[in-house]
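*Asks:* The structure file my_file39.cif (mmCIF, N, CA and C atoms) is provided below.
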data_coords
#
loop_
_atom_site.label_atom_id
_atom_site.label_comp_id
_atom_site.auth_asym_id
_atom_site.auth_seq_id
_atom_site.Cartn_x
_atom_site.Cartn_y
_atom_site.Cartn_z
N MET Q 1 103.20 120.80 146.83
CA MET Q 1 102.50 119.98 147.80
C MET Q 1 102.76 120.50 149.21
N ARG Q 2 101.68 120.62 149.96
CA ARG Q 2 101.83 121.03 151.36
C ARG Q 2 102.39 119.87 152.17
N GLY Q 3 103.14 120.21 153.19
CA GLY Q 3 103.65 119.20 154.10
C GLY Q 3 103.14 119.48 155.51
N ARG Q 4 103.62 118.71 156.45
CA ARG Q 4 103.19 118.89 157.84
C ARG Q 4 103.48 120.28 158.36
N ALA Q 5 104.58 120.88 157.91
CA ALA Q 5 104.99 122.17 158.44
C ALA Q 5 103.99 123.28 158.15
N ASP Q 6 103.24 123.16 157.06
CA ASP Q 6 102.28 124.21 156.72
C ASP Q 6 100.85 123.67 156.67
N LEU Q 7 100.57 122.70 157.50
CA LEU Q 7 99.24 122.10 157.57
C LEU Q 7 98.23 123.10 158.12
N LEU Q 8 97.13 123.26 157.40
CA LEU Q 8 96.03 124.14 157.78
C LEU Q 8 94.72 123.47 157.41
N GLY Q 9 93.62 124.02 157.88
CA GLY Q 9 92.30 123.57 157.42
C GLY Q 9 91.86 122.27 158.05
N THR Q 10 91.83 121.22 157.23
CA THR Q 10 91.34 119.91 157.67
C THR Q 10 92.28 118.81 157.20
N LEU Q 11 92.55 117.87 158.09
CA LEU Q 11 93.32 116.67 157.76
C LEU Q 11 92.33 115.51 157.73
N VAL Q 12 92.34 114.75 156.64
CA VAL Q 12 91.40 113.65 156.45
C VAL Q 12 92.17 112.34 156.38
N LEU Q 13 91.65 111.32 157.06
CA LEU Q 13 92.26 109.99 157.03
C LEU Q 13 91.40 109.05 156.21
N ASP Q 14 92.00 108.39 155.22
CA ASP Q 14 91.28 107.31 154.55
C ASP Q 14 91.51 106.04 155.37
N SER Q 15 91.08 104.90 154.88
CA SER Q 15 91.19 103.67 155.67
C SER Q 15 92.64 103.32 155.98
N GLU Q 16 93.54 103.55 155.04
CA GLU Q 16 94.96 103.26 155.30
C GLU Q 16 95.54 104.27 156.29
N GLY Q 17 95.16 105.53 156.16
CA GLY Q 17 95.60 106.54 157.11
C GLY Q 17 95.15 106.21 158.52
N LEU Q 18 93.89 105.78 158.66
CA LEU Q 18 93.38 105.40 159.97
C LEU Q 18 94.08 104.14 160.47
N ALA Q 19 94.28 103.15 159.59
CA ALA Q 19 94.96 101.91 159.99
C ALA Q 19 96.38 102.20 160.45
N LYS Q 20 97.06 103.09 159.76
CA LYS Q 20 98.44 103.43 160.16
C LYS Q 20 98.45 104.20 161.47
N TYR Q 21 97.44 105.02 161.69
CA TYR Q 21 97.34 105.71 162.98
C TYR Q 21 97.10 104.70 164.09
N LEU Q 22 96.25 103.71 163.83
CA LEU Q 22 95.99 102.65 164.82
C LEU Q 22 97.27 101.89 165.16
N SER Q 23 98.09 101.65 164.15
CA SER Q 23 99.32 100.90 164.37
C SER Q 23 100.46 101.79 164.85
N ARG Q 24 100.15 103.06 165.04
CA ARG Q 24 101.11 104.06 165.53
C ARG Q 24 102.32 104.23 164.60
N ASP Q 25 102.03 104.17 163.31
CA ASP Q 25 103.04 104.46 162.29
C ASP Q 25 103.64 105.84 162.56
N ARG Q 26 104.93 105.92 162.60
CA ARG Q 26 105.64 107.15 162.98
C ARG Q 26 105.24 108.36 162.14
N GLU Q 27 105.20 108.20 160.83
CA GLU Q 27 104.87 109.31 159.93
C GLU Q 27 103.43 109.78 160.13
N THR Q 28 102.51 108.83 160.25
CA THR Q 28 101.10 109.18 160.43
C THR Q 28 100.88 109.86 161.78
N VAL Q 29 101.50 109.35 162.81
CA VAL Q 29 101.39 109.97 164.15
C VAL Q 29 101.95 111.39 164.10
N ALA Q 30 103.02 111.60 163.34
CA ALA Q 30 103.59 112.95 163.22
C ALA Q 30 102.61 113.90 162.53
N TRP Q 31 101.89 113.42 161.51
CA TRP Q 31 100.87 114.25 160.86
C TRP Q 31 99.79 114.66 161.85
N LEU Q 32 99.33 113.71 162.65
CA LEU Q 32 98.27 114.03 163.61
C LEU Q 32 98.78 114.93 164.73
N ALA Q 33 100.01 114.77 165.13
CA ALA Q 33 100.60 115.67 166.12
C ALA Q 33 100.68 117.09 165.57
N ALA Q 34 101.07 117.22 164.31
CA ALA Q 34 101.12 118.54 163.67
C ALA Q 34 99.72 119.14 163.60
N ALA Q 35 98.74 118.33 163.30
CA ALA Q 35 97.35 118.81 163.24
C ALA Q 35 96.91 119.33 164.61
N ARG Q 36 97.18 118.55 165.66
CA ARG Q 36 96.81 118.98 167.02
C ARG Q 36 97.51 120.29 167.39
N ALA Q 37 98.79 120.39 167.05
CA ALA Q 37 99.57 121.58 167.40
C ALA Q 37 99.05 122.83 166.70
N ARG Q 38 98.44 122.67 165.52
CA ARG Q 38 97.95 123.80 164.75
C ARG Q 38 96.43 123.95 164.82
N ASP Q 39 95.80 123.18 165.69
CA ASP Q 39 94.34 123.20 165.84
C ASP Q 39 93.65 122.91 164.51
N VAL Q 40 94.21 121.96 163.77
CA VAL Q 40 93.64 121.51 162.50
C VAL Q 40 92.65 120.38 162.80
N ARG Q 41 91.48 120.46 162.24
CA ARG Q 41 90.46 119.44 162.45
C ARG Q 41 90.88 118.17 161.72
N VAL Q 42 90.75 117.03 162.38
CA VAL Q 42 91.09 115.73 161.79
C VAL Q 42 89.79 114.94 161.67
N ILE Q 43 89.49 114.48 160.44
CA ILE Q 43 88.24 113.78 160.20
C ILE Q 43 88.46 112.50 159.40
N THR Q 44 87.43 111.67 159.43
CA THR Q 44 87.32 110.54 158.53
C THR Q 44 85.83 110.34 158.28
N SER Q 45 85.49 109.40 157.45
CA SER Q 45 84.10 109.10 157.13
C SER Q 45 83.65 107.81 157.82
N THR Q 46 82.38 107.73 158.12
CA THR Q 46 81.86 106.48 158.67
C THR Q 46 82.13 105.33 157.69
N ALA Q 47 82.12 105.61 156.40
CA ALA Q 47 82.43 104.57 155.42
C ALA Q 47 83.85 104.06 155.57
N THR Q 48 84.75 104.94 155.99
CA THR Q 48 86.14 104.54 156.21
C THR Q 48 86.25 103.51 157.33
N LEU Q 49 85.43 103.69 158.35
CA LEU Q 49 85.46 102.72 159.45
C LEU Q 49 85.13 101.32 158.95
N VAL Q 50 84.17 101.23 158.06
CA VAL Q 50 83.78 99.93 157.51
C VAL Q 50 84.96 99.29 156.78
N ALA Q 51 85.73 100.10 156.07
CA ALA Q 51 86.87 99.58 155.33
C ALA Q 51 88.07 99.28 156.22
N THR Q 52 88.10 99.83 157.43
CA THR Q 52 89.25 99.68 158.32
C THR Q 52 89.11 98.52 159.29
N VAL Q 53 87.92 98.31 159.81
CA VAL Q 53 87.70 97.31 160.85
C VAL Q 53 87.72 95.90 160.25
N HIS Q 54 88.44 95.01 160.90
CA HIS Q 54 88.54 93.61 160.49
C HIS Q 54 88.70 92.77 161.76
N PRO Q 55 88.68 91.45 161.66
CA PRO Q 55 88.74 90.61 162.87
C PRO Q 55 89.97 90.83 163.75
N GLN Q 56 91.07 91.30 163.19
CA GLN Q 56 92.28 91.52 163.98
C GLN Q 56 92.40 92.97 164.49
N THR Q 57 91.38 93.78 164.29
CA THR Q 57 91.44 95.17 164.74
C THR Q 57 91.59 95.22 166.25
N ASN Q 58 92.53 96.02 166.70
CA ASN Q 58 92.73 96.26 168.12
C ASN Q 58 91.65 97.25 168.55
N VAL Q 59 90.59 96.75 169.17
CA VAL Q 59 89.44 97.58 169.52
C VAL Q 59 89.80 98.72 170.47
N PRO Q 60 90.61 98.48 171.54
CA PRO Q 60 91.01 99.62 172.39
C PRO Q 60 91.79 100.69 171.61
N ALA Q 61 92.66 100.27 170.71
CA ALA Q 61 93.42 101.23 169.89
C ALA Q 61 92.47 102.00 168.97
N LEU Q 62 91.48 101.32 168.42
CA LEU Q 62 90.50 101.99 167.57
C LEU Q 62 89.74 103.05 168.37
N GLY Q 63 89.31 102.69 169.56
CA GLY Q 63 88.62 103.66 170.41
C GLY Q 63 89.48 104.86 170.73
N TRP Q 64 90.75 104.61 171.04
CA TRP Q 64 91.69 105.69 171.32
C TRP Q 64 91.85 106.60 170.10
N ALA Q 65 92.06 106.00 168.92
CA ALA Q 65 92.25 106.79 167.70
C ALA Q 65 91.00 107.60 167.38
N LEU Q 66 89.84 106.96 167.50
CA LEU Q 66 88.61 107.66 167.15
C LEU Q 66 88.27 108.78 168.14
N SER Q 67 88.84 108.72 169.33
CA SER Q 67 88.61 109.82 170.28
C SER Q 67 89.35 111.08 169.85
N ARG Q 68 90.25 110.94 168.89
CA ARG Q 68 91.04 112.07 168.40
C ARG Q 68 90.67 112.49 166.98
N VAL Q 69 89.63 111.83 166.43
CA VAL Q 69 89.22 112.06 165.05
C VAL Q 69 87.70 112.29 165.04
N VAL Q 70 87.25 113.24 164.23
CA VAL Q 70 85.82 113.45 164.04
C VAL Q 70 85.36 112.50 162.94
N VAL Q 71 84.39 111.65 163.26
CA VAL Q 71 83.86 110.71 162.26
C VAL Q 71 82.62 111.34 161.65
N GLU Q 72 82.74 111.71 160.38
CA GLU Q 72 81.65 112.38 159.67
C GLU Q 72 80.67 111.35 159.10
N PRO Q 73 79.38 111.61 159.24
CA PRO Q 73 78.38 110.68 158.72
C PRO Q 73 78.29 110.75 157.19
N VAL Q 74 77.83 109.66 156.61
CA VAL Q 74 77.54 109.64 155.18
C VAL Q 74 76.08 110.07 155.03
N THR Q 75 75.88 111.32 154.73
CA THR Q 75 74.54 111.86 154.54
C THR Q 75 74.09 111.64 153.10
N GLY Q 76 72.84 111.90 152.86
CA GLY Q 76 72.35 111.84 151.48
C GLY Q 76 73.08 112.81 150.58
N GLN Q 77 73.38 113.99 151.11
CA GLN Q 77 74.10 115.00 150.34
C GLN Q 77 75.51 114.52 149.99
N ILE Q 78 76.20 113.91 150.95
CA ILE Q 78 77.54 113.38 150.69
C ILE Q 78 77.47 112.26 149.66
N ALA Q 79 76.50 111.36 149.79
CA ALA Q 79 76.36 110.26 148.83
C ALA Q 79 76.09 110.79 147.42
N HIS Q 80 75.23 111.79 147.32
CA HIS Q 80 74.93 112.39 146.02
C HIS Q 80 76.19 113.01 145.42
N ARG Q 81 76.94 113.75 146.23
CA ARG Q 81 78.17 114.38 145.76
C ARG Q 81 79.20 113.33 145.35
N ALA Q 82 79.28 112.22 146.09
CA ALA Q 82 80.20 111.14 145.73
C ALA Q 82 79.84 110.58 144.35
N GLY Q 83 78.55 110.41 144.10
CA GLY Q 83 78.12 109.94 142.78
C GLY Q 83 78.50 110.91 141.68
N GLU Q 84 78.36 112.21 141.94
CA GLU Q 84 78.77 113.22 140.96
C GLU Q 84 80.27 113.15 140.69
N LEU Q 85 81.05 113.00 141.75
CA LEU Q 85 82.51 112.91 141.59
C LEU Q 85 82.87 111.70 140.73
N LEU Q 86 82.23 110.57 141.00
CA LEU Q 86 82.50 109.37 140.20
C LEU Q 86 82.14 109.60 138.74
N ARG Q 87 80.95 110.16 138.50
CA ARG Q 87 80.50 110.41 137.13
C ARG Q 87 81.47 111.34 136.42
N ASP Q 88 81.83 112.44 137.08
CA ASP Q 88 82.72 113.43 136.46
C ASP Q 88 84.10 112.85 136.15
N ALA Q 89 84.54 111.88 136.96
CA ALA Q 89 85.85 111.25 136.75
C ALA Q 89 85.77 110.06 135.80
N GLY Q 90 84.55 109.69 135.38
CA GLY Q 90 84.39 108.54 134.50
C GLY Q 90 84.62 107.22 135.21
N LEU Q 91 84.38 107.20 136.51
CA LEU Q 91 84.58 105.99 137.32
C LEU Q 91 83.23 105.49 137.82
N HIS Q 92 83.19 104.22 138.22
CA HIS Q 92 81.97 103.69 138.82
C HIS Q 92 82.30 102.38 139.55
N GLY Q 93 81.35 101.90 140.29
CA GLY Q 93 81.47 100.59 140.92
C GLY Q 93 81.99 100.64 142.33
N HIS Q 94 81.88 99.48 142.98
CA HIS Q 94 82.26 99.39 144.39
C HIS Q 94 83.74 99.64 144.62
N LYS Q 95 84.57 99.41 143.61
CA LYS Q 95 86.00 99.64 143.76
C LYS Q 95 86.31 101.09 144.16
N TYR Q 96 85.50 102.02 143.69
CA TYR Q 96 85.75 103.44 143.94
C TYR Q 96 84.76 104.07 144.91
N ALA Q 97 83.76 103.33 145.36
CA ALA Q 97 82.66 103.91 146.15
C ALA Q 97 83.14 104.54 147.46
N ILE Q 98 83.90 103.80 148.26
CA ILE Q 98 84.32 104.34 149.56
C ILE Q 98 85.27 105.52 149.35
N GLY Q 99 86.13 105.43 148.35
CA GLY Q 99 87.02 106.56 148.05
C GLY Q 99 86.24 107.79 147.64
N ALA Q 100 85.17 107.60 146.86
CA ALA Q 100 84.35 108.73 146.44
C ALA Q 100 83.60 109.34 147.62
N ILE Q 101 83.14 108.49 148.54
CA ILE Q 101 82.47 109.00 149.74
C ILE Q 101 83.47 109.81 150.58
N LEU Q 102 84.67 109.28 150.74
CA LEU Q 102 85.70 110.01 151.48
C LEU Q 102 86.04 111.32 150.78
N ALA Q 103 86.14 111.30 149.45
CA ALA Q 103 86.44 112.51 148.69
C ALA Q 103 85.35 113.56 148.89
N ALA Q 104 84.10 113.15 148.82
CA ALA Q 104 82.99 114.08 149.02
C ALA Q 104 83.01 114.64 150.44
N THR Q 105 83.32 113.80 151.41
CA THR Q 105 83.43 114.24 152.79
C THR Q 105 84.56 115.26 152.93
N ALA Q 106 85.69 114.98 152.31
CA ALA Q 106 86.84 115.88 152.36
C ALA Q 106 86.51 117.22 151.72
N LEU Q 107 85.85 117.20 150.57
CA LEU Q 107 85.53 118.44 149.88
C LEU Q 107 84.51 119.29 150.62
N ALA Q 108 83.73 118.66 151.48
CA ALA Q 108 82.75 119.40 152.29
C ALA Q 108 83.39 120.04 153.52
N ALA Q 109 84.61 119.67 153.83
CA ALA Q 109 85.31 120.17 155.03
C ALA Q 109 85.95 121.52 154.75
N PRO Q 110 86.19 122.31 155.81
CA PRO Q 110 86.89 123.58 155.63
C PRO Q 110 88.30 123.36 155.07
N GLY Q 111 88.66 124.12 154.09
CA GLY Q 111 89.96 123.98 153.45
C GLY Q 111 91.01 124.88 154.06
N PRO Q 112 92.23 124.70 153.64
CA PRO Q 112 92.67 123.68 152.70
C PRO Q 112 92.58 122.29 153.31
N VAL Q 113 92.40 121.30 152.43
CA VAL Q 113 92.21 119.92 152.87
C VAL Q 113 93.41 119.07 152.44
N THR Q 114 93.92 118.30 153.39
CA THR Q 114 94.99 117.34 153.13
C THR Q 114 94.45 115.97 153.51
N VAL Q 115 94.63 114.98 152.63
CA VAL Q 115 94.15 113.62 152.88
C VAL Q 115 95.34 112.68 152.95
N LEU Q 116 95.42 111.92 154.06
CA LEU Q 116 96.42 110.85 154.15
C LEU Q 116 95.77 109.61 153.58
N THR Q 117 96.32 109.09 152.49
CA THR Q 117 95.66 108.04 151.73
C THR Q 117 96.65 107.04 151.14
N SER Q 118 96.15 105.84 150.91
CA SER Q 118 96.94 104.84 150.19
C SER Q 118 96.75 104.98 148.69
N ASP Q 119 95.74 105.76 148.27
CA ASP Q 119 95.40 105.90 146.85
C ASP Q 119 95.37 107.35 146.39
N PRO Q 120 96.50 108.04 146.40
CA PRO Q 120 96.47 109.45 145.97
C PRO Q 120 96.00 109.62 144.53
N GLU Q 121 96.27 108.63 143.69
CA GLU Q 121 95.86 108.74 142.29
C GLU Q 121 94.34 108.76 142.18
N ASP Q 122 93.65 107.91 142.93
CA ASP Q 122 92.19 107.89 142.90
C ASP Q 122 91.61 109.21 143.39
N LEU Q 123 92.15 109.73 144.50
CA LEU Q 123 91.64 111.00 145.03
C LEU Q 123 91.90 112.14 144.07
N THR Q 124 93.05 112.14 143.43
CA THR Q 124 93.35 113.18 142.45
C THR Q 124 92.40 113.06 141.25
N ALA Q 125 92.10 111.84 140.82
CA ALA Q 125 91.14 111.65 139.72
C ALA Q 125 89.76 112.18 140.10
N LEU Q 126 89.38 112.00 141.36
CA LEU Q 126 88.07 112.43 141.82
C LEU Q 126 88.00 113.92 142.14
N CYS Q 127 89.09 114.49 142.64
CA CYS Q 127 89.05 115.85 143.20
C CYS Q 127 89.94 116.85 142.49
N GLY Q 128 90.81 116.39 141.62
CA GLY Q 128 91.74 117.32 140.99
C GLY Q 128 92.62 117.99 142.02
N LYS Q 129 92.75 119.30 141.91
CA LYS Q 129 93.63 120.06 142.81
C LYS Q 129 92.85 120.71 143.96
N ARG Q 130 91.63 120.25 144.22
CA ARG Q 130 90.83 120.82 145.30
C ARG Q 130 91.28 120.34 146.66
N LEU Q 131 92.18 119.36 146.70
CA LEU Q 131 92.77 118.90 147.95
C LEU Q 131 94.15 118.36 147.66
N VAL Q 132 94.90 118.13 148.73
CA VAL Q 132 96.24 117.54 148.59
C VAL Q 132 96.16 116.12 149.12
N ALA Q 133 96.54 115.16 148.28
CA ALA Q 133 96.55 113.75 148.67
C ALA Q 133 97.98 113.34 148.96
N VAL Q 134 98.22 112.89 150.21
CA VAL Q 134 99.55 112.48 150.66
C VAL Q 134 99.56 110.97 150.82
N LYS Q 135 100.47 110.30 150.14
CA LYS Q 135 100.55 108.84 150.22
C LYS Q 135 101.10 108.40 151.58
N VAL Q 136 100.37 107.46 152.20
CA VAL Q 136 100.84 106.86 153.45
C VAL Q 136 100.96 105.37 153.26
#
Rewrite the structure of this file - the entire thing - as structure tokens.

*Replies:*
Amino acid sequence: MRGRADLLGTLVLDSEGLAKYLSRDRETVAWLAAARARDVRVITSTATLVATVHPQTNVPALGWALSRVVVEPVTGQIAHRAGELLRDAGLHGHKYAIGAILAATALAAPGPVTVLTSDPEDLTALCGKRLVAVKV
């Protein structure tokens, strides 16, 4: 498993990764600092924003965090690829939809890809060894 010290390619935040960045979780902030230091692109999906925002969201903190992250759109191509990933993994339904969209977004990014996620098992089921899923 790659760690912060050898981070390359693209760093992807799922909803928990983004939420922890918003709350300035020490480990997550260190990952993003490592990404900045190595000129690693940091991305998330527009679908992730939907899963992250809630009535208690600190809107100024969200704006600050998003100014440091590229928010990738959910295109038709990404949605189609997410459906393929779900089918290939034998998964379906809304429980896995946002994770599949994030997985498709991550796989479309320049590699190697590291994802900060609360669900490494789901990402591994969807992507196998095509990315590294780090539990946050």

*Asks:* To one decimal place in Å, what is the distance between atom CA of Arg36 of chain Q and atom CA of Leu49 of chain Q?

*Replies:* 21.2 Å

*Asks:* Please extract the residues of segment 8-129 of chain Q with a backbone DSSP assignment of strand (DSSP E) and present them as a PyMOL selection string.

*Replies:* chain Q and resi 10-13+41-45+70-72+113-117

*Asks:* Pick out the residues sitting within 6 Å of Ile78 of chain Q, and hand them over as a list in words; count all atoms listed in the file, and ignore anything fewer than 6 positions along from it in its own chain.

*Replies:*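 Contacts, with the query itself left out: Ile101, Ala104 and Thr105 of chain Q.
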
*Asks:* Please return, as a ChimeraX atom specification, all polymer residues that have at least one atom within 8 Å of the point (87.8, 100.8, 151.9); use all atoms listed in the file and the file's own coordinate frame.

*Replies:* /Q:14-16,47-52,95,97-99

*Asks:* Translate the PyMOL selection byres ((chain Q and resi 40) around 6.5) into a concrete residue list for this structure, as a list in words.

*Replies:*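 Applying the PyMOL selection byres ((chain Q and resi 40) around 6.5) to the structure shown produces Leu8, Gly9, Thr10, Leu11, Ala34, Ala35, Arg36, Ala37, Arg38, Asp39, Arg41 and Val42 of chain Q.
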
*Asks:* Could you tell me which of Q:Val70, Q:Cys127, Q:Gly76, Q:Thr57 comes closest to Leu13 of chain Q if we count only C-alpha atoms?

*Replies:*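 Looking at the shortest contact to Leu13 of chain Q, the residue is Q:Val70.
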
*Asks:* Could you tell me how far atom N of Ala61 of chain Q sits from atom C of Leu116 of chain Q, in Å to one decimal place?

*Replies:*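 If I compute the distance from atom C of Leu116 of chain Q to atom N of Ala61 of chain Q, I get 19.8 Å.
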
*Asks:* When you count only C-alpha atoms, which of these residues is closest to Val136 of chain Q: Q:Thr46, Q:Ala89, Q:Lys20, Q:Ala79?

*Replies:*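 Closest residue, counting only C-alpha atoms: Q:Lys20.
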
*Asks:* Kindly reconstruct segment 84-94 of chain Q with all heavy atoms and present the result as an mmCIF file, in the frame of the given file.

*Replies:*
data_model
loop_
_atom_site.group_PDB
_atom_site.id
_atom_site.type_symbol
_atom_site.label_atom_id
_atom_site.label_comp_id
_atom_site.auth_asym_id
_atom_site.auth_seq_id
_atom_site.Cartn_x
_atom_site.Cartn_y
_atom_site.Cartn_z
ATOM 1 N N GLU Q 84 78.360 112.210 141.940
ATOM 2 C CA GLU Q 84 78.770 113.220 140.960
ATOM 3 C C GLU Q 84 80.270 113.150 140.690
ATOM 4 O O GLU Q 84 80.706 113.254 139.533
ATOM 5 C CB GLU Q 84 78.407 114.618 141.454
ATOM 6 C CG GLU Q 84 76.929 114.912 141.475
ATOM 7 C CD GLU Q 84 76.622 116.267 142.115
ATOM 8 O OE1 GLU Q 84 77.522 116.874 142.755
ATOM 9 O OE2 GLU Q 84 75.472 116.707 141.974
ATOM 10 N N LEU Q 85 81.050 113.000 141.750
ATOM 11 C CA LEU Q 85 82.510 112.910 141.590
ATOM 12 C C LEU Q 85 82.870 111.700 140.730
ATOM 13 O O LEU Q 85 83.737 111.799 139.855
ATOM 14 C CB LEU Q 85 83.201 112.836 142.947
ATOM 15 C CG LEU Q 85 83.167 114.100 143.804
ATOM 16 C CD1 LEU Q 85 83.701 113.807 145.205
ATOM 17 C CD2 LEU Q 85 83.948 115.229 143.149
ATOM 18 N N LEU Q 86 82.230 110.570 141.000
ATOM 19 C CA LEU Q 86 82.500 109.370 140.200
ATOM 20 C C LEU Q 86 82.140 109.600 138.740
ATOM 21 O O LEU Q 86 82.925 109.281 137.827
ATOM 22 C CB LEU Q 86 81.709 108.175 140.747
ATOM 23 C CG LEU Q 86 82.227 107.571 142.044
ATOM 24 C CD1 LEU Q 86 81.223 106.594 142.615
ATOM 25 C CD2 LEU Q 86 83.579 106.901 141.816
ATOM 26 N N ARG Q 87 80.950 110.160 138.500
ATOM 27 C CA ARG Q 87 80.500 110.410 137.130
ATOM 28 C C ARG Q 87 81.470 111.340 136.420
ATOM 29 O O ARG Q 87 81.891 111.079 135.285
ATOM 30 C CB ARG Q 87 79.097 110.997 137.129
ATOM 31 C CG ARG Q 87 78.545 111.197 135.724
ATOM 32 C CD ARG Q 87 77.275 112.018 135.683
ATOM 33 N NE ARG Q 87 77.602 113.374 136.137
ATOM 34 C CZ ARG Q 87 76.958 114.011 137.104
ATOM 35 N NH1 ARG Q 87 75.933 113.465 137.715
ATOM 36 N NH2 ARG Q 87 77.323 115.230 137.465
ATOM 37 N N ASP Q 88 81.830 112.440 137.080
ATOM 38 C CA ASP Q 88 82.720 113.430 136.460
ATOM 39 C C ASP Q 88 84.100 112.850 136.150
ATOM 40 O O ASP Q 88 84.748 113.270 135.193
ATOM 41 C CB ASP Q 88 82.862 114.656 137.354
ATOM 42 C CG ASP Q 88 81.569 115.456 137.468
ATOM 43 O OD1 ASP Q 88 80.610 115.193 136.695
ATOM 44 O OD2 ASP Q 88 81.509 116.332 138.348
ATOM 45 N N ALA Q 89 84.540 111.880 136.960
ATOM 46 C CA ALA Q 89 85.850 111.250 136.750
ATOM 47 C C ALA Q 89 85.770 110.060 135.800
ATOM 48 O O ALA Q 89 86.801 109.479 135.455
ATOM 49 C CB ALA Q 89 86.440 110.807 138.083
ATOM 50 N N GLY Q 90 84.550 109.690 135.380
ATOM 51 C CA GLY Q 90 84.390 108.540 134.500
ATOM 52 C C GLY Q 90 84.620 107.220 135.210
ATOM 53 O O GLY Q 90 84.997 106.229 134.590
ATOM 54 N N LEU Q 91 84.380 107.200 136.510
ATOM 55 C CA LEU Q 91 84.580 105.990 137.320
ATOM 56 C C LEU Q 91 83.230 105.490 137.820
ATOM 57 O O LEU Q 91 82.270 106.242 137.866
ATOM 58 C CB LEU Q 91 85.500 106.293 138.507
ATOM 59 C CG LEU Q 91 86.882 106.853 138.171
ATOM 60 C CD1 LEU Q 91 87.587 107.314 139.435
ATOM 61 C CD2 LEU Q 91 87.707 105.827 137.428
ATOM 62 N N HIS Q 92 83.190 104.220 138.220
ATOM 63 C CA HIS Q 92 81.970 103.690 138.820
ATOM 64 C C HIS Q 92 82.300 102.380 139.550
ATOM 65 O O HIS Q 92 83.398 101.860 139.444
ATOM 66 C CB HIS Q 92 80.893 103.444 137.755
ATOM 67 C CG HIS Q 92 81.234 102.335 136.816
ATOM 68 N ND1 HIS Q 92 82.147 102.484 135.783
ATOM 69 C CD2 HIS Q 92 80.817 101.055 136.763
ATOM 70 C CE1 HIS Q 92 82.252 101.349 135.132
ATOM 71 N NE2 HIS Q 92 81.471 100.460 135.705
ATOM 72 N N GLY Q 93 81.350 101.900 140.290
ATOM 73 C CA GLY Q 93 81.470 100.590 140.920
ATOM 74 C C GLY Q 93 81.990 100.640 142.330
ATOM 75 O O GLY Q 93 82.463 101.670 142.818
ATOM 76 N N HIS Q 94 81.880 99.480 142.980
ATOM 77 C CA HIS Q 94 82.260 99.390 144.390
ATOM 78 C C HIS Q 94 83.740 99.640 144.620
ATOM 79 O O HIS Q 94 84.139 100.048 145.702
ATOM 80 C CB HIS Q 94 81.825 98.036 144.977
ATOM 81 C CG HIS Q 94 82.588 96.878 144.441
ATOM 82 N ND1 HIS Q 94 82.256 96.273 143.256
ATOM 83 C CD2 HIS Q 94 83.664 96.240 144.925
ATOM 84 C CE1 HIS Q 94 83.109 95.290 143.031
ATOM 85 N NE2 HIS Q 94 83.971 95.243 144.029
#
